[in-house]
Each structure stands twice: as structure tokens, then as C-alpha cells.
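Trainee: This is coords_39.csv, which holds CSV, C-alpha atoms:
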chain,number,residue,atom,x,y,z
A,1,MET,CA,1.3,16.7,140.8
A,2,THR,CA,4.9,16.4,142.2
A,3,GLU,CA,6.9,19.4,143.1
A,4,SER,CA,9.3,18.7,140.2
A,5,ASN,CA,6.4,18.8,137.7
A,6,ALA,CA,5.1,22.0,139.3
A,7,ASP,CA,8.6,23.5,138.8
A,8,SER,CA,8.6,22.4,135.2
A,9,ALA,CA,5.2,23.9,134.5
A,10,ILE,CA,6.3,27.2,136.0
A,11,ARG,CA,9.7,27.2,134.4
A,12,HIS,CA,8.2,26.9,131.0
A,13,SER,CA,5.3,29.3,131.6
A,14,GLY,CA,6.4,32.0,129.2
A,15,ASN,CA,9.0,34.1,127.5
A,16,ASP,CA,12.2,34.6,129.6
A,17,ASP,CA,12.6,38.1,128.1
A,18,ALA,CA,9.1,39.2,129.1
A,19,PRO,CA,9.1,42.5,131.2
A,20,GLN,CA,8.5,42.3,134.9
A,21,PRO,CA,5.5,44.1,136.3
A,22,PRO,CA,6.5,46.9,138.6
A,23,GLY,CA,6.7,46.3,142.4
A,24,MET,CA,7.0,42.5,142.2
A,25,THR,CA,9.2,40.9,144.8
A,26,ILE,CA,9.4,37.3,143.5
A,27,GLY,CA,12.6,37.5,141.4
A,28,PRO,CA,13.2,37.4,137.6
A,29,ALA,CA,10.9,34.6,136.7
A,30,PRO,CA,9.2,34.6,133.2
A,31,VAL,CA,5.8,36.1,132.8
A,32,PRO,CA,3.4,33.2,132.1
A,33,ASP,CA,1.1,33.1,129.1
A,34,ASP,CA,-2.6,32.4,129.2
A,35,ARG,CA,-2.2,28.6,128.9
A,36,ALA,CA,0.4,28.5,131.7
A,37,VAL,CA,-1.8,30.7,133.9
A,38,GLN,CA,-4.7,28.3,133.5
A,39,ALA,CA,-2.4,25.4,134.3
A,40,MET,CA,-1.3,27.1,137.5
A,41,VAL,CA,-4.8,27.9,138.5
A,42,ASP,CA,-5.6,24.2,138.2
A,43,MET,CA,-2.6,23.4,140.4
A,44,LEU,CA,-4.2,25.2,143.3
A,45,ALA,CA,-6.1,22.0,143.8
A,46,ASP,CA,-2.9,20.3,144.9
A,47,ASP,CA,-2.9,19.4,148.6
A,48,ASP,CA,0.9,20.1,148.9
A,49,PRO,CA,1.1,23.6,150.5
A,50,ALA,CA,4.7,24.1,149.2
A,51,ILE,CA,3.5,23.6,145.6
A,52,ARG,CA,0.6,26.0,146.2
A,53,ALA,CA,2.9,28.6,147.7
A,54,ARG,CA,5.2,28.5,144.6
A,55,VAL,CA,2.2,28.7,142.3
A,56,ILE,CA,0.8,31.7,144.1
A,57,LEU,CA,4.0,33.6,143.7
A,58,HIS,CA,4.0,33.0,139.9
A,59,LEU,CA,0.3,33.8,139.6
A,60,ALA,CA,0.9,37.1,141.4
A,61,GLN,CA,3.5,37.9,138.7
A,62,ALA,CA,0.9,37.3,136.0
A,63,GLY,CA,-1.2,40.3,137.2
A,64,GLN,CA,-4.5,40.9,135.5
A,65,ARG,CA,-4.1,37.9,133.3
A,66,ALA,CA,-4.2,35.7,136.5
A,67,VAL,CA,-7.0,37.8,138.0
A,68,THR,CA,-9.2,37.0,135.0
A,69,ALA,CA,-8.5,33.3,135.1
A,70,LEU,CA,-9.0,33.1,138.9
A,71,MET,CA,-12.3,34.9,138.8
A,72,ALA,CA,-13.6,32.5,136.2
A,73,ALA,CA,-12.4,29.5,138.2
A,74,GLU,CA,-13.9,30.9,141.4
A,75,ARG,CA,-17.4,30.0,140.1
A,76,THR,CA,-16.6,26.3,139.6
A,77,THR,CA,-13.7,25.4,141.9
A,78,ALA,CA,-14.0,23.1,144.9
A,79,HIS,CA,-11.4,25.3,146.6
A,80,PRO,CA,-12.8,28.9,146.6
A,81,HIS,CA,-10.7,29.8,149.6
A,82,ARG,CA,-7.5,29.1,147.7
A,83,ILE,CA,-8.7,31.3,144.8
A,84,ALA,CA,-9.4,34.1,147.3
A,85,GLU,CA,-5.9,33.7,148.8
A,86,VAL,CA,-4.3,34.1,145.4
A,87,LEU,CA,-6.5,37.1,144.4
A,88,ALA,CA,-5.5,38.7,147.7
A,89,ALA,CA,-1.8,38.1,146.9
A,90,ILE,CA,-2.1,39.7,143.5
A,91,HIS,CA,-4.0,42.8,144.7
A,92,ARG,CA,-1.4,43.2,147.5
A,93,GLU,CA,1.5,43.0,145.0
A,94,HIS,CA,-0.3,45.6,142.9
A,95,ALA,CA,-0.7,47.9,145.9
A,96,LEU,CA,3.0,47.5,146.8
A,97,GLY,CA,4.0,48.3,143.2
A,98,ALA,CA,1.8,51.3,143.2
A,99,LEU,CA,3.5,52.6,146.4
A,100,ASP,CA,6.8,52.4,144.6
A,101,ARG,CA,5.3,54.7,141.9
A,102,PHE,CA,3.6,56.9,144.4
A,103,ARG,CA,7.0,57.5,146.2
A,104,SER,CA,8.5,58.7,142.9
A,105,LEU,CA,5.9,61.5,142.7
A,106,GLU,CA,7.1,63.1,146.0
A,107,PRO,CA,6.3,65.8,147.0
A,108,ALA,CA,3.3,65.7,144.6
A,109,GLY,CA,0.4,63.4,144.9
A,110,ALA,CA,-2.8,63.0,146.9
A,111,ALA,CA,-2.8,62.1,150.6
A,112,GLU,CA,-5.7,59.7,150.2
A,113,THR,CA,-3.9,57.8,147.4
A,114,GLY,CA,-1.0,56.8,149.7
A,115,ALA,CA,-3.2,56.1,152.7
A,116,LEU,CA,-5.5,53.9,150.6
A,117,LEU,CA,-2.6,51.9,149.1
A,118,VAL,CA,-1.2,51.3,152.7
A,119,ALA,CA,-4.7,50.0,153.7
A,120,GLN,CA,-4.8,47.8,150.5
A,121,VAL,CA,-1.6,46.1,151.5
A,122,GLN,CA,-3.3,45.0,154.7
A,123,HIS,CA,-6.8,44.3,153.2
A,124,PRO,CA,-6.3,43.8,149.4
A,125,HIS,CA,-10.1,43.5,148.6
A,126,ILE,CA,-10.9,47.0,149.6
A,127,ASP,CA,-13.3,48.6,147.1
A,128,THR,CA,-11.2,51.6,146.2
A,129,HIS,CA,-13.7,53.0,143.7
A,130,GLU,CA,-16.4,53.1,146.4
A,131,LEU,CA,-14.1,54.8,148.9
A,132,LEU,CA,-13.0,57.5,146.5
A,133,GLN,CA,-16.6,58.0,145.4
A,134,PHE,CA,-17.5,58.6,149.0
A,135,LEU,CA,-14.8,61.2,149.4
A,136,ASP,CA,-16.2,62.9,146.2
A,137,GLN,CA,-19.6,62.9,147.7
A,138,LEU,CA,-18.3,64.5,150.9
A,139,ALA,CA,-16.8,67.3,148.9
A,140,ASP,CA,-19.9,67.7,146.8
A,141,ALA,CA,-22.0,68.1,149.9
A,142,ALA,CA,-19.6,70.5,151.6
A,143,PRO,CA,-21.2,74.0,152.4
A,144,ALA,CA,-20.4,76.9,150.2
A,145,PRO,CA,-18.1,78.7,152.6
A,146,VAL,CA,-15.4,76.0,152.3
A,147,ARG,CA,-14.9,77.2,148.7
A,148,GLU,CA,-14.7,80.9,149.6
A,149,SER,CA,-11.5,83.0,149.3
A,150,ASP,CA,-11.6,84.0,153.0
A,151,PRO,CA,-9.1,81.5,154.6
A,152,GLU,CA,-10.3,81.8,158.2
A,153,ARG,CA,-14.0,81.3,157.2
A,154,ALA,CA,-13.2,78.4,154.9
A,155,LEU,CA,-11.1,76.7,157.6
A,156,ARG,CA,-13.9,77.1,160.2
A,157,SER,CA,-16.5,75.9,157.8
A,158,LEU,CA,-14.5,72.7,156.9
A,159,ALA,CA,-14.0,72.0,160.6
A,160,VAL,CA,-17.7,72.3,161.5
A,161,TYR,CA,-18.8,70.3,158.4
A,162,LEU,CA,-16.5,67.2,158.8
A,163,SER,CA,-16.7,67.1,162.6
A,164,SER,CA,-20.2,68.2,163.6
A,165,VAL,CA,-22.1,67.4,160.5
A,166,CYS,CA,-20.3,64.3,159.2
A,167,GLY,CA,-19.2,63.0,162.6
A,168,PHE,CA,-15.5,62.5,162.1
A,169,ASP,CA,-13.6,62.5,165.4
A,170,GLY,CA,-10.7,61.0,167.3
A,171,ALA,CA,-10.6,57.4,168.6
A,172,ARG,CA,-10.1,58.2,172.2
A,173,THR,CA,-11.4,54.9,173.7
A,174,ASP,CA,-9.4,52.5,171.5
A,175,TYR,CA,-6.5,54.5,170.2
A,176,PRO,CA,-4.1,51.6,169.5
A,177,ASN,CA,-6.6,49.8,167.3
A,178,PRO,CA,-5.0,49.3,163.8
A,179,ALA,CA,-8.4,50.1,162.2
A,180,ASN,CA,-7.8,53.7,163.3
A,181,SER,CA,-5.0,53.9,160.8
A,182,LEU,CA,-6.7,52.2,157.9
A,183,LEU,CA,-8.5,54.7,155.6
A,184,ASP,CA,-11.3,52.4,154.6
A,185,GLN,CA,-12.1,51.7,158.3
A,186,VAL,CA,-11.7,55.4,159.3
A,187,VAL,CA,-14.3,56.4,156.6
A,188,LYS,CA,-16.6,53.6,157.6
A,189,ARG,CA,-16.4,54.1,161.4
A,190,ARG,CA,-15.9,57.9,161.3
A,191,ILE,CA,-13.2,57.7,163.9
A,192,GLY,CA,-9.4,57.5,163.6
A,193,LEU,CA,-6.0,58.7,164.6
A,194,PRO,CA,-5.0,62.3,164.0
A,195,ILE,CA,-3.2,61.6,160.8
A,196,SER,CA,-5.8,59.3,159.3
A,197,LEU,CA,-8.5,61.8,160.0
A,198,ALA,CA,-6.3,64.4,158.5
A,199,VAL,CA,-6.2,62.4,155.3
A,200,VAL,CA,-10.0,62.7,155.0
A,201,TYR,CA,-9.8,66.5,155.6
A,202,LEU,CA,-7.0,66.8,153.0
A,203,ALA,CA,-9.0,64.8,150.5
A,204,VAL,CA,-12.1,67.0,150.8
A,205,ALA,CA,-10.1,70.2,150.9
A,206,ARG,CA,-8.3,69.2,147.7
A,207,ARG,CA,-11.6,68.5,145.9
A,208,VAL,CA,-13.0,71.9,146.9
A,209,GLY,CA,-9.9,73.8,146.0
A,210,MET,CA,-8.8,74.6,149.6
A,211,PRO,CA,-4.9,74.8,150.1
A,212,LEU,CA,-4.8,72.6,153.2
A,213,GLU,CA,-1.4,71.3,154.5
A,214,GLY,CA,-0.5,68.4,156.8
A,215,VAL,CA,1.8,69.3,159.7
A,216,GLY,CA,3.5,66.4,161.5
A,217,LEU,CA,3.9,67.5,165.1
A,218,PRO,CA,5.8,65.1,167.4
A,219,ALA,CA,3.2,62.6,168.6
A,220,HIS,CA,0.3,64.5,167.0
A,221,PHE,CA,-0.8,65.6,163.6
A,222,VAL,CA,-2.6,68.8,162.6
A,223,LEU,CA,-3.6,70.7,159.5
A,224,ARG,CA,-2.9,74.2,158.4
A,225,HIS,CA,-4.4,76.6,155.9
A,226,PRO,CA,-1.4,78.6,154.7
A,227,GLY,CA,-3.5,81.6,153.9
A,228,ALA,CA,-5.1,81.9,157.3
A,229,ALA,CA,-3.7,84.3,160.0
A,230,ASP,CA,-4.8,83.1,163.4
A,231,PRO,CA,-5.9,80.5,164.2
A,232,GLN,CA,-4.5,78.8,161.2
A,233,TYR,CA,-4.2,75.2,162.5
A,234,LEU,CA,-6.9,72.5,162.8
A,235,ASP,CA,-6.9,69.5,165.0
A,236,PRO,CA,-9.1,66.8,163.4
A,237,PHE,CA,-8.7,64.4,166.4
A,238,ASN,CA,-10.2,66.7,169.0
A,239,ARG,CA,-13.5,67.7,167.4
A,240,ALA,CA,-11.8,69.8,164.8
A,241,ARG,CA,-10.8,72.5,167.2
A,242,LEU,CA,-8.9,75.4,165.7
A,243,LEU,CA,-5.4,76.2,167.2
A,244,TYR,CA,-3.0,79.0,167.5
A,245,GLU,CA,0.7,78.2,167.2
A,246,ASP,CA,1.3,78.4,170.9
A,247,GLU,CA,-1.4,75.8,171.4
A,248,CYS,CA,0.5,73.5,169.1
A,249,GLY,CA,3.4,74.1,171.4
A,250,ALA,CA,1.4,73.0,174.4
A,251,ILE,CA,0.4,69.8,172.6
A,252,VAL,CA,4.0,68.7,172.0
A,253,ARG,CA,5.1,69.8,175.5
A,254,ALA,CA,2.6,67.4,176.9
A,255,HIS,CA,4.7,64.7,175.2
A,256,GLY,CA,7.9,66.0,176.6
A,257,VAL,CA,9.0,67.9,173.5
A,258,THR,CA,9.8,71.6,172.9
A,259,LEU,CA,8.2,72.9,169.7
A,260,ARG,CA,10.8,73.8,167.1
A,261,ARG,CA,10.3,75.6,163.8
A,262,HIS,CA,10.9,72.5,161.7
A,263,HIS,CA,8.0,70.7,163.6
A,264,LEU,CA,5.6,73.1,161.8
A,265,ALA,CA,6.8,72.3,158.3
A,266,ALA,CA,4.3,70.9,155.9
A,267,VAL,CA,4.8,67.2,155.1
A,268,SER,CA,4.4,65.5,151.8
A,269,PRO,CA,1.6,62.9,151.0
A,270,GLN,CA,4.4,60.3,150.9
A,271,GLU,CA,5.5,61.1,154.4
A,272,ILE,CA,1.9,61.0,155.6
A,273,ALA,CA,1.6,57.5,154.2
A,274,ALA,CA,5.0,56.4,155.7
A,275,ARG,CA,3.9,57.8,159.1
A,276,ILE,CA,0.6,55.8,158.9
A,277,CYS,CA,2.8,52.7,158.2
A,278,ARG,CA,4.9,53.4,161.3
A,279,ASN,CA,1.7,53.7,163.4
A,280,LEU,CA,0.5,50.3,162.0
A,281,ILE,CA,3.8,48.7,162.8
A,282,LEU,CA,3.4,49.6,166.4
A,283,ALA,CA,-0.3,48.7,166.5
A,284,TYR,CA,0.2,45.3,165.1
A,285,ARG,CA,3.3,44.7,167.3
A,286,ARG,CA,1.1,45.4,170.4
A,287,GLN,CA,-1.3,42.8,169.1
A,288,GLN,CA,1.6,40.4,168.4
A,289,ASP,CA,0.3,40.1,164.8
A,290,HIS,CA,3.6,39.5,163.2
A,291,GLU,CA,2.3,38.8,159.7
A,292,ARG,CA,0.5,42.2,159.5
A,293,GLU,CA,3.4,44.0,161.1
A,294,ASP,CA,5.6,42.6,158.4
A,295,LEU,CA,3.2,43.8,155.7
A,296,ALA,CA,3.3,47.3,157.2
A,297,ARG,CA,7.1,47.2,157.2
A,298,ASP,CA,7.0,46.2,153.5
A,299,ALA,CA,4.7,49.1,152.7
A,300,HIS,CA,7.0,51.5,154.6
A,301,ARG,CA,10.1,50.2,152.7
A,302,ARG,CA,8.4,51.1,149.4
A,303,LEU,CA,7.9,54.6,150.7
A,304,ARG,CA,11.1,55.1,152.6
A,305,PRO,CA,13.6,52.6,151.2
A,306,GLY,CA,16.7,52.2,153.4
A,307,GLN,CA,15.2,53.9,156.4
A,308,ASP,CA,16.0,51.8,159.5
A,309,LEU,CA,12.9,50.8,161.4
A,310,LEU,CA,14.6,48.5,163.9
A,311,THR,CA,13.9,50.9,166.7
A,312,VAL,CA,10.2,51.4,165.7
Would you write out, as C-alpha cells, the structure that this file holds?

Mentor:
Amino acid sequence: MTESNADSAIRHSGNDDAPQPPGMTIGPAPVPDDRAVQAMVDMLADDDPAIRARVILHLAQAGQRAVTALMAAERTTAHPHRIAEVLAAIHREHALGALDRFRSLEPAGAAETGALLVAQVQHPHIDTHELLQFLDQLADAAPAPVRESDPERALRSLAVYLSSVCGFDGARTDYPNPANSLLDQVVKRRIGLPISLAVVYLAVARRVGMPLEGVGLPAHFVLRHPGAADPQYLDPFNRARLLYEDECGAIVRAHGVTLRRHHLAAVSPQEIAARICRNLILAYRRQQDHEREDLARDAHRRLRPGQDLLTV
């Protein structure tokens, strides 16, 4: 098929007045109907990469309709890798659109939702149901004291459970590894950065009714139980040790910063997700993986539109 024929098929693929799915970045093209979707799936057999690139963009716009057609074609096509490429693009667009909607909830929302969407932008085929089910199971198996009204006892119990029993701890030997920022990998490997480990703690705490908060210290991330007296902070990166406020000050001083009151403010789930994106940008830059760095920047733009990241 020539490129002009491909353009014609795409241009006549549906109603010009059809609504755009949220989060799409491919312009105001019409939403294709079932017959047009099938035609475009067939066009993936074309050996011209420019044609395939255009088709992928428009299939991504078709959303679930395209997913259904692609999954059916995957069983019979001679080009299963091309089908996989399009499915990844569709799932990635869905995750980016979901980040737009997640931003609109601020300051409400679940920390694991934002972190999981950020991970999906990088790896669109993550089984989100399985991951959320695992977090449910962690909460179900948590010891009874984490559900008690005594804040100090609940915090200590959570620390022991997730660190000593479940084995979640900081990635001290390969800190820059991007996997340490991706929630699916953190859950699988039981290691991560301070903020990604904190997401696991926040997810379990939310499920058991514990009012845990994320605190974004400079160059570190800790958790706080607002009802606890002292110690009220938890460091998930360092074997879930419990901290007093002056110990938080010592952590930031080690990075050349003086602790200020605003450093101890609770941060929203959206800011947690955005900070994970910034960590990924730096991690992929170190690896000179420009494609994934750009994906992390795109996710960050959905969460913090207009924020300048040129210096990140």
C-alpha cells in the first residue's frame, strides 16, 4: 500500500465529530470505526516504517476497539512483534491519559495509583490487577497491631512487618538502577529507592486504615504517622528504622541542606508520582537511554504541566 493510500484509509476512518479519548497526543484525527480499525491492523503488514508509524498513531486513538482487533490478529498474523508494538503504544497512551485524570484529583488519590501509572508508561504490559492484588494480600496478612489505635505501636508494627517479615529494603548496591523507581519491579525484587518503598508502605497503611503520610525531605523520603509523638517518622530505605525529627535533620545535613519546617510537610500522591518521574529522568539519563528518559518527561508533564525540567 502506498503512503497516499494509507493516508486515505486513515482520513476516512470515522466520524470527524467523534470525541477524542482523554490523554491522546496525536491531534484532532477522527476516531476510526470497526471496519477502519481492521483495515489499519492489516496495514501493519506493510514494510514501509513510515506507514506503520502513522497507522500506530491512529490505532492508539481507537483505544479498546483497536485492542480487541489487535488481540484477535495476534493469533494469526505473520508479524506478532508489530502487533505487540501497537498494543504497547495503546496501553502507554491510556496510562498517560490516566495520569492527566490523576493530577486533577490532587491532593486526593492513592500513592500506588500514580506510581503504577508512571511504571506503565515505561512498561505498558504490566499486570496492574496482579500488582494491586499483591498489595491487598500484604495488607490482609499484616499483624493486628497495625490496625490498633495506638499510633506508636501501629507504626512500629508496620515497620517490622514490611521490613523484617516481608523483606522490603533499600537498594544500596545499585541505587541508580531505574528498576528501583518502578513500582512493579520494587514489589517483585523487594528493593527500591526511599520514595518507591514508601509507596508500598502507604498502600498497605491505607488498606489497614493507618493515617500514614509521605514526607519529601531533600534527597531522601520518609513517612510519618501524624498521630504519633516520638519517634513519628519511618525510613523505609534503611531497614524501616524509626526517626526523631532531629534525625531527619541529620539526614538532610549529610546532603548539605539545613532542615526547614517546610521540608517536613506532607506531600500529595501526585507529587510522589512526579518525584518518581524526576528520579527516572536522571536514572535513564545516566544510562543514555534517551527514549525512556523522554517517556519519563512525558509522564512528568502530565503531573506537573508547565514545570521546567531543563535543569533536571

Trainee: What does the structure give for the distance between CA of Val222 (chain A) and CA of Arg190 (chain A), in Å to one decimal?

Mentor: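 One can read the CA of Val222 (chain A) to CA of Arg190 (chain A) distance as 17.2 Å.
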
Trainee: Show me, as number ranges by chain, the residues that have an atom within 8 Å of Pro194 (chain A) when counting all atoms listed in the file, minus same-chain residues fewer than 3 positions from it.

Mentor: A: 170, 197-198, 220-222, 235-237

Trainee: Hey, what's within 8 Å of Ser181 (chain A) if we count all atoms listed in the file and toss same-chain stuff fewer than 6 positions away? As a list in words, please?

Mentor: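 Residues meeting the cut-off are Gly192, Leu193, Ile195, Ser196, Ile276, Asn279 and Leu280 of chain A.
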
Trainee: Print the selection's residues with C-alpha atoms to a file, as a short mmCIF file (atom, residue, chain, number, x, y, z; two decimals), in the coordinates of the input.

Mentor:
data_model
loop_
_atom_site.label_atom_id
_atom_site.label_comp_id
_atom_site.auth_asym_id
_atom_site.auth_seq_id
_atom_site.Cartn_x
_atom_site.Cartn_y
_atom_site.Cartn_z
CA GLY A 192 -9.40 57.50 163.60
CA LEU A 193 -6.00 58.70 164.60
CA ILE A 195 -3.20 61.60 160.80
CA SER A 196 -5.80 59.30 159.30
CA ILE A 276 0.60 55.80 158.90
CA ASN A 279 1.70 53.70 163.40
CA LEU A 280 0.50 50.30 162.00
#

Trainee: For region 202-226 of chain A against region 158-163 of chain A, with a cut-off of 10 Å and counting all atoms listed in the file, what is the closest atom pair and its distance in Å to one decimal for every residue that makes the cut, ordered by chain and number, as JSON lines?

Mentor:
{"residue": "A:Val204", "atom": "CA", "partner": "A:Leu158", "partner_atom": "CA", "distance": 8.7}
{"residue": "A:Ala205", "atom": "CA", "partner": "A:Leu158", "partner_atom": "CA", "distance": 7.8}
{"residue": "A:Met210", "atom": "CA", "partner": "A:Leu158", "partner_atom": "CA", "distance": 9.5}

Trainee: For the atom pair CA of Glu106 (chain A) and CA of Arg302 (chain A), what is the interatomic distance in Å to one decimal place?

Mentor: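 Straight-line distance from CA of Glu106 (chain A) to CA of Arg302 (chain A) works out to 12.5 Å.
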
Trainee: Can you tell me how far CA of Arg153 (chain A) sits from CA of Ala254 (chain A), in Å to one decimal?

Mentor: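 CA of Arg153 (chain A) sits 29.3 Å away from CA of Ala254 (chain A).
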
Trainee: From the list A:Pro151, A:Gly114, A:Leu70, A:Ala171, which residue is nearest Asp230 (chain A) when using only C-alpha atoms?

Mentor: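 Closest to Asp230 (chain A) of all the choices is A:Pro151.
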
Trainee: Just the residues within 9 Å of Leu117 (chain A), please, counting all atoms listed in the file, with nothing from its chain fewer than 5 positions along; format it as a PDB file with C-alpha atoms, in the frame of the given file.

Mentor:
ATOM      1  CA  ARG A  92      -1.400  43.200 147.500  1.00  0.00           C
ATOM      2  CA  ALA A  95      -0.700  47.900 145.900  1.00  0.00           C
ATOM      3  CA  LEU A  96       3.000  47.500 146.800  1.00  0.00           C
ATOM      4  CA  ALA A  98       1.800  51.300 143.200  1.00  0.00           C
ATOM      5  CA  LEU A  99       3.500  52.600 146.400  1.00  0.00           C
ATOM      6  CA  GLU A 112      -5.700  59.700 150.200  1.00  0.00           C
ATOM      7  CA  GLN A 122      -3.300  45.000 154.700  1.00  0.00           C
ATOM      8  CA  PRO A 124      -6.300  43.800 149.400  1.00  0.00           C
ATOM      9  CA  ALA A 273       1.600  57.500 154.200  1.00  0.00           C
ATOM     10  CA  ALA A 299       4.700  49.100 152.700  1.00  0.00           C
TER      11      ALA A 299
END

Trainee: Would you kindly return, as a PyMOL selection string, each protein, DNA or RNA residue with an atom no farther than 8 Å from any atom of Glu245 (chain A), considering all atoms listed in the file and excluding same-chain residues fewer than 4 positions away?

Mentor: chain A and resi 231-233+249

Trainee: Set the distance at 12 Å and use only C-alpha atoms: which residues neighbour Met71 (chain A) once local chain neighbours fewer than 2 positions away are removed? I'd like the list as a short mmCIF file (atom, residue, chain, number, x, y, z; two decimals) with C-alpha atoms, in the coordinates of the input.

Mentor:
data_model
loop_
_atom_site.label_atom_id
_atom_site.label_comp_id
_atom_site.auth_asym_id
_atom_site.auth_seq_id
_atom_site.Cartn_x
_atom_site.Cartn_y
_atom_site.Cartn_z
CA GLN A 38 -4.70 28.30 133.50
CA VAL A 41 -4.80 27.90 138.50
CA GLN A 64 -4.50 40.90 135.50
CA ARG A 65 -4.10 37.90 133.30
CA ALA A 66 -4.20 35.70 136.50
CA VAL A 67 -7.00 37.80 138.00
CA THR A 68 -9.20 37.00 135.00
CA ALA A 69 -8.50 33.30 135.10
CA ALA A 73 -12.40 29.50 138.20
CA GLU A 74 -13.90 30.90 141.40
CA ARG A 75 -17.40 30.00 140.10
CA THR A 76 -16.60 26.30 139.60
CA THR A 77 -13.70 25.40 141.90
CA PRO A 80 -12.80 28.90 146.60
CA ARG A 82 -7.50 29.10 147.70
CA ILE A 83 -8.70 31.30 144.80
CA ALA A 84 -9.40 34.10 147.30
CA GLU A 85 -5.90 33.70 148.80
CA VAL A 86 -4.30 34.10 145.40
CA LEU A 87 -6.50 37.10 144.40
CA ALA A 88 -5.50 38.70 147.70
#

Trainee: Which residue gives the smallest distance to His255 (chain A) among A:Leu183, A:Ala219, A:Ala53, A:Ala139, with all atoms listed in the file counted?

Mentor: A:Ala219

Trainee: Counting only C-alpha atoms, what are the residues of region 92-154 of chain A within 10 Å of region 258-272 of chain A, and for each of them which pair of atoms is the nearest and at what distance in Å, to one decimal? Sort the table by chain and rising number, as JSON lines.

Mentor:
{"residue": "A:Leu99", "atom": "CA", "partner": "A:Gln270", "partner_atom": "CA", "distance": 9.0}
{"residue": "A:Phe102", "atom": "CA", "partner": "A:Gln270", "partner_atom": "CA", "distance": 7.4}
{"residue": "A:Arg103", "atom": "CA", "partner": "A:Gln270", "partner_atom": "CA", "distance": 6.1}
{"residue": "A:Ser104", "atom": "CA", "partner": "A:Gln270", "partner_atom": "CA", "distance": 9.1}
{"residue": "A:Leu105", "atom": "CA", "partner": "A:Gln270", "partner_atom": "CA", "distance": 8.4}
{"residue": "A:Glu106", "atom": "CA", "partner": "A:Gln270", "partner_atom": "CA", "distance": 6.3}
{"residue": "A:Pro107", "atom": "CA", "partner": "A:Ser268", "partner_atom": "CA", "distance": 5.2}
{"residue": "A:Ala108", "atom": "CA", "partner": "A:Pro269", "partner_atom": "CA", "distance": 7.2}
{"residue": "A:Gly109", "atom": "CA", "partner": "A:Pro269", "partner_atom": "CA", "distance": 6.2}
{"residue": "A:Ala110", "atom": "CA", "partner": "A:Pro269", "partner_atom": "CA", "distance": 6.0}
{"residue": "A:Ala111", "atom": "CA", "partner": "A:Pro269", "partner_atom": "CA", "distance": 4.5}
{"residue": "A:Glu112", "atom": "CA", "partner": "A:Pro269", "partner_atom": "CA", "distance": 8.0}
{"residue": "A:Thr113", "atom": "CA", "partner": "A:Pro269", "partner_atom": "CA", "distance": 8.3}
{"residue": "A:Gly114", "atom": "CA", "partner": "A:Gln270", "partner_atom": "CA", "distance": 6.5}
{"residue": "A:Ala115", "atom": "CA", "partner": "A:Ile272", "partner_atom": "CA", "distance": 7.6}

Trainee: Could you check the closest approach to Ala229 (chain A) for each of A:Cys248, A:Arg301, A:Glu293, A:Leu155 and tell me which residue wins, using only C-alpha atoms?

Mentor: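 Residue with the minimum atom-to-atom distance to Ala229 (chain A): A:Leu155.
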
Trainee: From the options A:Arg207, A:Arg275, A:Arg253, A:Arg239, which residue's atoms come nearest to Ala142 (chain A), counting only C-alpha atoms?

Mentor: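 Comparing A:Arg207, A:Arg275, A:Arg253, A:Arg239 against Ala142 (chain A), the winner is A:Arg207.
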
Trainee: Can I get C-alpha atoms for region 100-114 of chain A, as a PDB file, in the first residue's frame?

Mentor:
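As written to disk, decode_30.pdb reads:
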ATOM      1  CA  ASP A 100      -3.958  13.561  33.435  1.00  0.00           C
ATOM      2  CA  ARG A 101      -7.020  12.467  35.368  1.00  0.00           C
ATOM      3  CA  PHE A 102      -4.965  11.505  38.416  1.00  0.00           C
ATOM      4  CA  ARG A 103      -3.478  15.021  38.516  1.00  0.00           C
ATOM      5  CA  SER A 104      -6.977  16.506  38.633  1.00  0.00           C
ATOM      6  CA  LEU A 105      -7.645  14.664  41.914  1.00  0.00           C
ATOM      7  CA  GLU A 106      -4.852  16.412  43.820  1.00  0.00           C
ATOM      8  CA  PRO A 107      -4.420  16.270  46.780  1.00  0.00           C
ATOM      9  CA  ALA A 108      -6.638  13.161  46.908  1.00  0.00           C
ATOM     10  CA  GLY A 109      -5.808   9.784  45.401  1.00  0.00           C
ATOM     11  CA  ALA A 110      -3.723   6.737  46.238  1.00  0.00           C
ATOM     12  CA  ALA A 111       0.070   6.854  46.042  1.00  0.00           C
ATOM     13  CA  GLU A 112       0.218   3.430  44.421  1.00  0.00           C
ATOM     14  CA  THR A 113      -2.103   4.579  41.622  1.00  0.00           C
ATOM     15  CA  GLY A 114       0.250   7.327  40.481  1.00  0.00           C
TER      16      GLY A 114
END
